[in-house]
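Q: Below you'll find final_26.cif; it's mmCIF, C-alpha atoms and all ligand atoms.
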```
data_start
#
loop_
_atom_site.label_atom_id
_atom_site.label_comp_id
_atom_site.auth_asym_id
_atom_site.auth_seq_id
_atom_site.Cartn_x
_atom_site.Cartn_y
_atom_site.Cartn_z
CA MET A 27 90.64 93.47 15.06
CA GLU A 28 89.22 92.62 11.64
CA GLN A 29 85.74 93.84 10.66
CA GLY A 30 84.50 90.30 9.84
CA THR A 31 85.41 89.03 13.30
CA ILE A 32 83.65 91.97 14.95
CA SER A 33 80.39 91.43 13.06
CA LEU A 34 80.23 87.79 14.33
CA MET A 35 80.40 88.85 17.99
CA ASN A 36 77.29 89.03 20.14
CA GLU A 37 76.10 92.47 21.28
CA GLU A 38 77.41 92.10 24.85
CA THR A 39 80.91 91.20 23.65
CA LYS A 40 80.91 94.14 21.23
CA LEU A 41 80.06 96.54 24.07
CA LYS A 42 82.79 95.10 26.28
CA MET A 43 85.28 95.43 23.45
CA GLN A 44 84.26 99.03 22.71
CA ALA A 45 84.80 100.02 26.35
CA GLY A 46 88.13 98.18 26.55
CA TYR A 47 89.46 99.76 23.37
CA ALA A 48 88.22 103.26 24.28
CA VAL A 49 90.00 103.36 27.63
CA VAL A 50 93.32 102.21 26.19
CA ASP A 51 93.15 104.59 23.23
CA SER A 52 92.49 107.57 25.46
CA MET A 53 94.50 106.86 28.62
CA VAL A 54 97.44 104.52 27.93
CA LYS A 55 100.75 106.14 26.96
CA SER A 56 104.19 104.69 26.17
CA GLY A 57 106.38 104.13 29.23
CA MET A 58 103.45 103.55 31.60
CA LYS A 59 103.40 101.18 34.54
CA LEU A 60 100.04 99.61 33.93
CA GLY A 61 97.81 97.49 36.17
CA LEU A 62 95.75 95.13 34.02
CA GLY A 63 92.47 93.86 35.46
CA THR A 64 90.60 90.59 35.16
CA GLY A 65 87.41 89.43 33.46
CA SER A 66 85.60 89.41 30.15
CA THR A 67 85.60 93.22 29.78
CA ALA A 68 89.10 94.05 31.05
CA ILE A 69 90.55 91.43 28.71
CA HIS A 70 89.63 93.61 25.72
CA ALA A 71 91.75 96.42 27.18
CA VAL A 72 94.61 93.92 27.61
CA ARG A 73 94.21 92.84 23.96
CA ARG A 74 94.22 96.45 22.77
CA VAL A 75 97.47 97.11 24.67
CA GLY A 76 98.94 93.99 23.01
CA GLU A 77 97.76 95.16 19.59
CA LEU A 78 99.25 98.66 19.98
CA LEU A 79 102.55 97.24 21.25
CA ALA A 80 102.72 94.85 18.27
CA GLN A 81 102.05 97.77 15.89
CA GLY A 82 104.76 99.85 17.57
CA THR A 83 102.23 102.58 18.46
CA LEU A 84 102.91 101.89 22.15
CA ARG A 85 106.36 101.20 23.62
CA ASP A 86 107.90 100.37 26.99
CA ILE A 87 104.82 99.19 28.85
CA PHE A 88 105.50 97.69 32.30
CA ALA A 89 102.38 95.66 33.03
CA PHE A 90 101.12 94.16 36.27
CA PRO A 91 98.50 91.43 35.64
CA THR A 92 95.97 91.09 38.47
CA SER A 93 95.32 87.37 37.96
CA LEU A 94 96.53 84.22 36.28
CA GLN A 95 93.96 84.79 33.50
CA THR A 96 95.50 88.18 32.72
CA GLU A 97 99.08 86.94 33.12
CA ILE A 98 98.44 84.21 30.53
CA GLU A 99 96.92 86.78 28.15
CA CYS A 100 100.00 89.01 28.61
CA GLU A 101 102.23 86.03 27.78
CA LYS A 102 100.21 85.31 24.61
CA LEU A 103 100.34 88.95 23.51
CA LYS A 104 104.00 89.47 24.48
CA ILE A 105 103.11 92.28 26.91
CA PRO A 106 106.07 92.60 29.30
CA PHE A 107 104.83 92.01 32.86
CA PHE A 108 106.39 92.28 36.30
CA SER A 109 105.67 91.51 39.93
CA LEU A 110 104.42 94.45 41.98
CA ASN A 111 107.42 93.75 44.24
CA SER A 112 109.90 94.16 41.37
CA LYS A 113 112.22 97.16 41.08
CA GLU A 114 110.39 98.12 37.86
CA LEU A 115 107.10 98.64 39.73
CA SER A 116 108.31 99.45 43.24
CA SER A 117 107.20 103.10 42.94
CA GLY A 118 103.62 102.03 42.12
CA LEU A 119 101.48 102.04 39.00
CA ASP A 120 100.54 104.96 36.75
CA LEU A 121 97.17 103.55 35.76
CA THR A 122 95.08 100.44 36.44
CA ILE A 123 92.31 99.40 34.06
CA ASP A 124 89.74 96.88 35.30
CA GLY A 125 86.14 95.71 34.96
CA ALA A 126 83.42 95.77 37.63
CA ASP A 127 80.28 93.85 38.55
CA GLU A 128 78.30 96.92 39.63
CA VAL A 129 78.89 100.68 39.58
CA ASP A 130 76.76 103.08 41.63
CA PRO A 131 76.18 106.83 40.96
CA GLN A 132 79.23 107.72 43.13
CA ASN A 133 81.39 105.36 41.04
CA TYR A 134 81.67 103.04 44.04
CA LEU A 135 82.10 99.48 42.82
CA ILE A 136 81.45 95.85 43.54
CA LYS A 137 84.23 93.69 42.10
CA GLY A 138 85.31 90.09 42.46
CA GLY A 139 82.78 88.24 40.34
CA GLY A 140 85.83 86.54 38.81
CA GLY A 141 87.38 85.91 42.23
CA ALA A 142 90.41 88.15 41.66
CA LEU A 143 89.36 90.92 44.07
CA LEU A 144 92.38 90.75 46.39
CA ILE A 145 95.08 91.60 43.87
CA GLU A 146 92.70 93.81 41.88
CA LYS A 147 92.35 95.95 45.00
CA VAL A 148 96.10 95.98 45.64
CA ALA A 149 96.64 97.21 42.06
CA ALA A 150 93.83 99.79 42.19
CA TYR A 151 95.05 101.32 45.45
CA ALA A 152 98.69 101.31 44.24
CA SER A 153 97.80 103.33 41.10
CA SER A 154 97.85 107.06 40.48
CA GLU A 155 94.88 106.73 38.11
CA TYR A 156 92.11 104.13 38.03
CA ALA A 157 89.80 103.38 35.11
CA ILE A 158 86.85 101.00 35.05
CA VAL A 159 85.35 99.53 31.88
CA VAL A 160 81.75 98.29 31.87
CA ASP A 161 78.72 98.01 29.66
CA GLU A 162 75.63 99.92 30.75
CA SER A 163 74.04 96.82 32.35
CA LYS A 164 76.51 97.21 35.26
CA LEU A 165 75.13 100.58 36.37
CA THR A 166 73.01 100.43 39.50
CA LYS A 167 71.38 102.89 41.93
CA SER A 168 72.89 101.28 45.05
CA LEU A 169 75.25 98.48 46.07
CA GLY A 170 74.85 95.52 48.38
CA GLY A 171 71.32 94.27 47.70
CA GLY A 172 71.78 93.16 44.08
CA PHE A 173 75.00 91.60 42.80
CA PRO A 174 76.51 89.69 45.78
CA VAL A 175 79.58 91.19 47.42
CA PRO A 176 82.46 88.69 47.45
CA VAL A 177 84.30 88.31 50.74
CA GLU A 178 87.60 86.40 50.56
CA VAL A 179 88.13 84.40 53.74
CA VAL A 180 90.83 81.99 54.95
CA PRO A 181 89.34 78.47 54.90
CA ALA A 182 89.76 77.96 58.68
CA ALA A 183 87.47 80.96 59.37
CA ARG A 184 84.65 79.83 57.04
CA VAL A 185 81.94 79.18 59.63
CA GLN A 186 82.88 81.90 62.14
CA ALA A 187 83.22 84.61 59.48
CA ALA A 188 79.85 83.57 58.00
CA ARG A 189 78.27 83.87 61.46
CA VAL A 190 79.53 87.45 61.84
CA LEU A 191 78.43 88.36 58.31
CA GLU A 192 74.93 87.10 59.09
CA LYS A 193 74.89 89.36 62.17
CA PHE A 194 75.63 92.26 59.78
CA GLY A 195 72.27 91.41 58.16
CA ALA A 196 73.68 89.58 55.14
CA ALA A 197 72.61 86.35 53.46
CA VAL A 198 75.80 84.32 52.95
CA ILE A 199 76.56 81.77 50.23
CA LEU A 200 79.79 79.81 49.89
CA ARG A 201 80.91 80.17 46.26
CA GLU A 202 80.98 76.73 44.64
CA ALA A 203 83.38 75.81 41.85
CA VAL A 204 82.30 74.74 38.37
CA ARG A 205 83.93 71.55 37.02
CA LYS A 206 85.70 70.97 40.36
CA ALA A 207 84.02 69.49 43.42
CA GLY A 208 83.64 71.84 46.38
CA PRO A 209 84.23 75.54 46.85
CA VAL A 210 86.13 77.98 44.66
CA ILE A 211 89.69 78.30 45.94
CA THR A 212 91.23 81.65 45.06
CA GLU A 213 94.74 82.14 43.68
CA HIS A 214 95.73 82.81 47.31
CA GLY A 215 94.31 79.59 48.74
CA ASN A 216 91.18 81.16 50.24
CA ILE A 217 87.43 80.66 49.87
CA ILE A 218 84.82 83.23 48.82
CA LEU A 219 81.63 83.98 50.73
CA ASP A 220 79.18 85.84 48.47
CA ILE A 221 76.96 88.06 50.60
CA ARG A 222 73.79 90.03 49.90
CA PHE A 223 72.46 92.62 52.33
CA CYS A 224 68.76 92.56 53.21
CA SER A 225 68.61 96.31 53.94
CA PRO A 226 70.48 99.34 52.54
CA ILE A 227 74.12 99.75 53.60
CA ASN A 228 76.84 102.37 53.22
CA PRO A 229 79.48 100.78 50.94
CA LEU A 230 82.21 103.19 52.08
CA LEU A 231 81.81 102.15 55.73
CA MET A 232 81.13 98.51 54.87
CA GLU A 233 84.38 98.17 52.91
CA THR A 234 86.28 98.92 56.14
CA GLU A 235 83.91 97.05 58.50
CA LEU A 236 84.05 93.75 56.62
CA ASN A 237 87.85 93.68 56.79
CA GLN A 238 87.68 93.87 60.61
CA ILE A 239 86.19 90.36 60.77
CA PRO A 240 88.89 87.86 61.79
CA GLY A 241 89.74 85.63 58.86
CA VAL A 242 88.53 88.06 56.19
CA VAL A 243 91.35 88.82 53.77
CA GLU A 244 89.54 91.33 51.52
CA ASN A 245 86.08 92.25 50.27
CA GLY A 246 84.64 93.33 46.94
CA PHE A 247 83.55 96.89 47.81
CA PHE A 248 85.91 99.31 46.04
CA THR A 249 85.17 102.81 47.37
CA ARG A 250 88.44 104.48 48.29
CA LYS A 251 90.02 104.89 44.87
CA PRO A 252 87.80 107.07 42.69
CA PRO A 253 87.76 105.64 39.16
CA VAL A 254 86.87 107.21 35.86
CA VAL A 255 84.24 104.87 34.40
CA TYR A 256 84.02 104.04 30.68
CA ILE A 257 80.48 102.89 29.89
CA ALA A 258 79.69 101.18 26.59
CA CYS A 259 76.06 101.92 25.68
CA SER A 260 73.76 99.94 23.41
CA ALA A 261 73.44 103.07 21.23
CA GLY A 262 77.03 102.32 20.14
CA THR A 263 78.71 105.13 22.11
CA VAL A 264 81.19 104.93 25.00
CA GLU A 265 80.46 107.49 27.70
CA THR A 266 82.92 108.46 30.41
CA ARG A 267 81.86 109.30 33.94
CA PRO A 268 84.66 111.24 35.66
CA ALA A 269 86.14 110.22 38.99
CA VAL A 270 84.10 111.63 41.89
CA LYS A 271 86.38 113.67 44.23
CA GLN A 272 86.32 112.38 47.83
C1 LIG B 1 87.10 89.86 38.64
C2 LIG B 1 86.38 91.15 38.54
C3 LIG B 1 85.83 91.51 37.21
O1 LIG B 1 86.41 92.69 36.78
C4 LIG B 1 84.33 91.65 37.33
O2 LIG B 1 83.82 90.44 37.83
C5 LIG B 1 83.69 91.99 35.99
O3 LIG B 1 83.90 90.92 35.10
P1 LIG B 1 83.26 90.90 33.64
O4 LIG B 1 83.85 92.05 32.90
O5 LIG B 1 83.63 89.56 33.11
O6 LIG B 1 81.75 91.05 33.82
O7 LIG B 1 86.21 91.89 39.47
O8 LIG B 1 87.46 89.58 39.96
#
```
How does this structure look as structure tokens?
A:
Amino acid sequence: MEQGTISLMNEETKLKMQAGYAVVDSMVKSGMKLGLGTGSTAIHAVRRVGELLAQGTLRDIFAFPTSLQTEIECEKLKIPFFSLNSKELSSGLDLTIDGADEVDPQNYLIKGGGGALLIEKVAAYASSEYAIVVDESKLTKSLGGGFPVPVEVVPAARVQAARVLEKFGAAVILREAVRKAGPVITEHGNIILDIRFCSPINPLLMETELNQIPGVVENGFFTRKPPVVYIACSAGTVETRPAVKQ
């Protein structure tokens, strides 16, 4: 990207871009099967992949976009992309790069602020390596009481699932759409209940527990795939926090 364009960006966007570029420059290699995440940070990694392909520095990338937003960006940038069910990707992904809403000291995550948690989790758990890009504002001491955890639920289970979530000690809010009347409908036809726990919880256990509730399709705790985390800091550096062995 040109220097003039960079100097016009706000600080937050610059940090997101630094993290996105750093992860691609250090982890993406020609020939990779690459999961591409969703959101305003991950999109910079997608753009960097597009840039390196256009320059010829990278070749033969087989991308899997985790959302419509990312698929459209791949189309714009001419990044070849495939279904996860295709023969090209049937053996899984080499690396998935994605953003996160919160990262705790164990590198456990909350994701799904952009509503793409279901396929983001499929991609993460189908990858040999997993990398998360964030700015330092996403780091937190614990998960569950701050940024709300998205729970994707089939519409018919809206009230009953909310009742069970409240019994878990969570405050539950139906995610409302912007510039469309009514709730957010995910790319899979479901609704999202954003929940916040009133007392401390164990995210590792909660990721499994929440998916036991009838009607819950997936939840935004990501604890079972240890990521390396690229953190863009206001000092202008990008730090990496290695994956924590489980
Ligand atoms: C989308 C996600 C995003 O990665 C997460 O919400 C972070 O987004 P951003 O980088 O825009 O803050 O999980 O479902």
Q: One decimal, in Å: what's the spacing between CA of Glu213 (chain A) and CA of Pro240 (chain A)?
A: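 The value is 19.9 Å.
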Q: My list of candidates is A:Gly246, A:Ser112, A:Asn133, A:Ser93. Which is closest to Thr212 (chain A) when distances are computed with all atoms listed in the file?
A: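 Of A:Gly246, A:Ser112, A:Asn133, A:Ser93, the one nearest Thr212 (chain A), counting all atoms listed in the file, is A:Ser93.
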Q: Kindly compile the residues surrounding ligand LIG 1 (chain B) within 8 Å, counting all atoms listed in the file, and format them as number ranges by chain.
A: A: 42, 63-69, 124-127, 136-143, 146, 159-160, 246
Q: If you keep C-alpha atoms, can you produce a file of those selected residues as a PDB file, in the frame of the given file?
A:
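The resulting file, out_6.pdb, is shown below:
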```pdb
ATOM      1  CA  LYS A  42      82.790  95.100  26.280  1.00  0.00           C
ATOM      2  CA  GLY A  63      92.470  93.860  35.460  1.00  0.00           C
ATOM      3  CA  THR A  64      90.600  90.590  35.160  1.00  0.00           C
ATOM      4  CA  GLY A  65      87.410  89.430  33.460  1.00  0.00           C
ATOM      5  CA  SER A  66      85.600  89.410  30.150  1.00  0.00           C
ATOM      6  CA  THR A  67      85.600  93.220  29.780  1.00  0.00           C
ATOM      7  CA  ALA A  68      89.100  94.050  31.050  1.00  0.00           C
ATOM      8  CA  ILE A  69      90.550  91.430  28.710  1.00  0.00           C
ATOM      9  CA  ASP A 124      89.740  96.880  35.300  1.00  0.00           C
ATOM     10  CA  GLY A 125      86.140  95.710  34.960  1.00  0.00           C
ATOM     11  CA  ALA A 126      83.420  95.770  37.630  1.00  0.00           C
ATOM     12  CA  ASP A 127      80.280  93.850  38.550  1.00  0.00           C
ATOM     13  CA  ILE A 136      81.450  95.850  43.540  1.00  0.00           C
ATOM     14  CA  LYS A 137      84.230  93.690  42.100  1.00  0.00           C
ATOM     15  CA  GLY A 138      85.310  90.090  42.460  1.00  0.00           C
ATOM     16  CA  GLY A 139      82.780  88.240  40.340  1.00  0.00           C
ATOM     17  CA  GLY A 140      85.830  86.540  38.810  1.00  0.00           C
ATOM     18  CA  GLY A 141      87.380  85.910  42.230  1.00  0.00           C
ATOM     19  CA  ALA A 142      90.410  88.150  41.660  1.00  0.00           C
ATOM     20  CA  LEU A 143      89.360  90.920  44.070  1.00  0.00           C
ATOM     21  CA  GLU A 146      92.700  93.810  41.880  1.00  0.00           C
ATOM     22  CA  VAL A 159      85.350  99.530  31.880  1.00  0.00           C
ATOM     23  CA  VAL A 160      81.750  98.290  31.870  1.00  0.00           C
ATOM     24  CA  GLY A 246      84.640  93.330  46.940  1.00  0.00           C
TER      25      GLY A 246
END
```
Q: Just the residues within 7 Å of Val180 (chain A), please, counting only C-alpha atoms, with nothing from its chain fewer than 3 positions along; format it as JSON, numbers by chain.
A: {"A": [183, 184, 216, 217, 241, 242, 243]}
Q: Ranking A:Leu135, A:Val185, A:Ile105, A:Leu94 by minimum distance to Leu78 (chain A) and counting all atoms listed in the file, which one comes first?
A: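 The shortest atom-to-atom distance to Leu78 (chain A) comes from A:Ile105.
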Q: I'd like the contact shell of Ile218 (chain A) - 7 Å cut-off, all atoms listed in the file, skipping same-chain residues fewer than 4 positions apart - returned as a list in words.
A: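 Here the qualifying residues turn out to be Pro176, Val177, Glu178, Val179, Leu200, Arg201 and Val210 of chain A.
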Q: Might you pull out every residue within 8 Å of Met58 (chain A), with only C-alpha atoms counted and same-chain residues fewer than 3 positions away left off, and present them as a PyMOL selection string?
A: chain A and resi 54-55+86-88+119-121
Q: Between CA of Lys59 (chain A) and CA of Ala89 (chain A), what is the distance in Å, rounded to a tenth?
A: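 CA of Ala89 (chain A) lies at a distance of 5.8 Å from CA of Lys59 (chain A).
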Q: With distances taken over only C-alpha atoms, which of A:Ala157, A:Ile239, A:Ala152, A:Leu169 is nearest to Arg189 (chain A)?
A: A:Ile239
Q: Grab the CA of Ala196 (chain A) to CA of Leu219 (chain A) distance for me, in Å with one decimal place.
A: 10.7 Å
Q: I'd like to know which of A:Ala258, A:Leu115, A:Ile221, A:Met35 is closest to Phe173 (chain A), using all atoms listed in the file.
A: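 So, comparing all the options, the nearest one is A:Ile221.
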Q: Restricting the calculation to only C-alpha atoms: of A:Val198, A:Met53, A:Cys259, A:Val264, which residue gets closest to Tyr156 (chain A)?
A: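 When distances to Tyr156 (chain A) are compared using only C-alpha atoms, the smallest one comes from A:Met53.
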Q: With all heavy atoms as the goal, would you fill in the gaps in region 178-189 of chain A and present it as a short mmCIF file (atom, residue, chain, number, x, y, z; two decimals), in the coordinates of the input?
A:
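Produced file part-v9.cif, reproduced below:
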```
data_model
loop_
_atom_site.label_atom_id
_atom_site.label_comp_id
_atom_site.auth_asym_id
_atom_site.auth_seq_id
_atom_site.Cartn_x
_atom_site.Cartn_y
_atom_site.Cartn_z
N GLU A 178 86.57 87.45 50.60
CA GLU A 178 87.60 86.40 50.56
C GLU A 178 88.03 86.09 51.98
O GLU A 178 88.39 87.00 52.74
CB GLU A 178 88.79 86.86 49.69
CG GLU A 178 89.85 85.78 49.57
CD GLU A 178 90.80 85.99 48.39
OE1 GLU A 178 90.54 86.82 47.51
OE2 GLU A 178 91.83 85.27 48.39
N VAL A 179 87.96 84.81 52.34
CA VAL A 179 88.13 84.40 53.74
C VAL A 179 89.10 83.22 53.79
O VAL A 179 89.06 82.34 52.91
CB VAL A 179 86.74 83.95 54.30
CG1 VAL A 179 86.86 83.34 55.68
CG2 VAL A 179 85.76 85.11 54.32
N VAL A 180 89.97 83.17 54.81
CA VAL A 180 90.83 81.99 54.95
C VAL A 180 89.94 80.79 55.29
O VAL A 180 88.95 80.94 56.03
CB VAL A 180 91.94 82.19 56.01
CG1 VAL A 180 92.89 83.32 55.62
CG2 VAL A 180 91.36 82.45 57.38
N PRO A 181 90.25 79.61 54.74
CA PRO A 181 89.34 78.47 54.90
C PRO A 181 89.01 78.15 56.36
O PRO A 181 87.87 77.79 56.69
CB PRO A 181 90.09 77.31 54.23
CG PRO A 181 90.96 77.98 53.21
CD PRO A 181 91.36 79.30 53.81
N ALA A 182 89.99 78.33 57.26
CA ALA A 182 89.76 77.96 58.68
C ALA A 182 88.72 78.85 59.34
O ALA A 182 88.16 78.48 60.39
CB ALA A 182 91.08 78.04 59.45
N ALA A 183 88.43 80.02 58.76
CA ALA A 183 87.47 80.96 59.37
C ALA A 183 86.10 80.89 58.70
O ALA A 183 85.24 81.74 58.97
CB ALA A 183 88.02 82.37 59.28
N ARG A 184 85.87 79.89 57.85
CA ARG A 184 84.65 79.83 57.04
C ARG A 184 83.37 80.00 57.87
O ARG A 184 82.57 80.90 57.60
CB ARG A 184 84.62 78.49 56.28
CG ARG A 184 83.33 78.20 55.52
CD ARG A 184 83.47 76.94 54.69
NE ARG A 184 83.88 75.80 55.47
CZ ARG A 184 83.06 74.95 56.11
NH1 ARG A 184 81.76 75.14 56.05
NH2 ARG A 184 83.53 73.93 56.80
N VAL A 185 83.21 79.18 58.90
CA VAL A 185 81.94 79.18 59.63
C VAL A 185 81.83 80.42 60.53
O VAL A 185 80.79 81.07 60.58
CB VAL A 185 81.80 77.87 60.44
CG1 VAL A 185 80.61 77.92 61.37
CG2 VAL A 185 81.68 76.69 59.47
N GLN A 186 82.93 80.76 61.21
CA GLN A 186 82.88 81.90 62.14
C GLN A 186 82.69 83.22 61.38
O GLN A 186 81.92 84.08 61.80
CB GLN A 186 84.14 81.94 63.02
CG GLN A 186 84.32 80.70 63.88
CD GLN A 186 83.07 80.33 64.66
OE1 GLN A 186 82.37 81.20 65.21
NE2 GLN A 186 82.75 79.04 64.69
N ALA A 187 83.38 83.37 60.27
CA ALA A 187 83.22 84.61 59.48
C ALA A 187 81.79 84.70 58.95
O ALA A 187 81.17 85.77 58.98
CB ALA A 187 84.22 84.64 58.33
N ALA A 188 81.23 83.56 58.51
CA ALA A 188 79.85 83.57 58.00
C ALA A 188 78.88 83.99 59.10
O ALA A 188 77.92 84.72 58.86
CB ALA A 188 79.50 82.19 57.45
N ARG A 189 79.14 83.51 60.33
CA ARG A 189 78.27 83.87 61.46
C ARG A 189 78.26 85.39 61.68
O ARG A 189 77.22 86.01 61.87
CB ARG A 189 78.81 83.19 62.73
CG ARG A 189 77.83 82.18 63.31
CD ARG A 189 78.43 81.25 64.33
NE ARG A 189 79.50 81.76 65.17
CZ ARG A 189 79.36 82.16 66.43
NH1 ARG A 189 78.17 82.16 66.99
NH2 ARG A 189 80.40 82.54 67.13
#
```
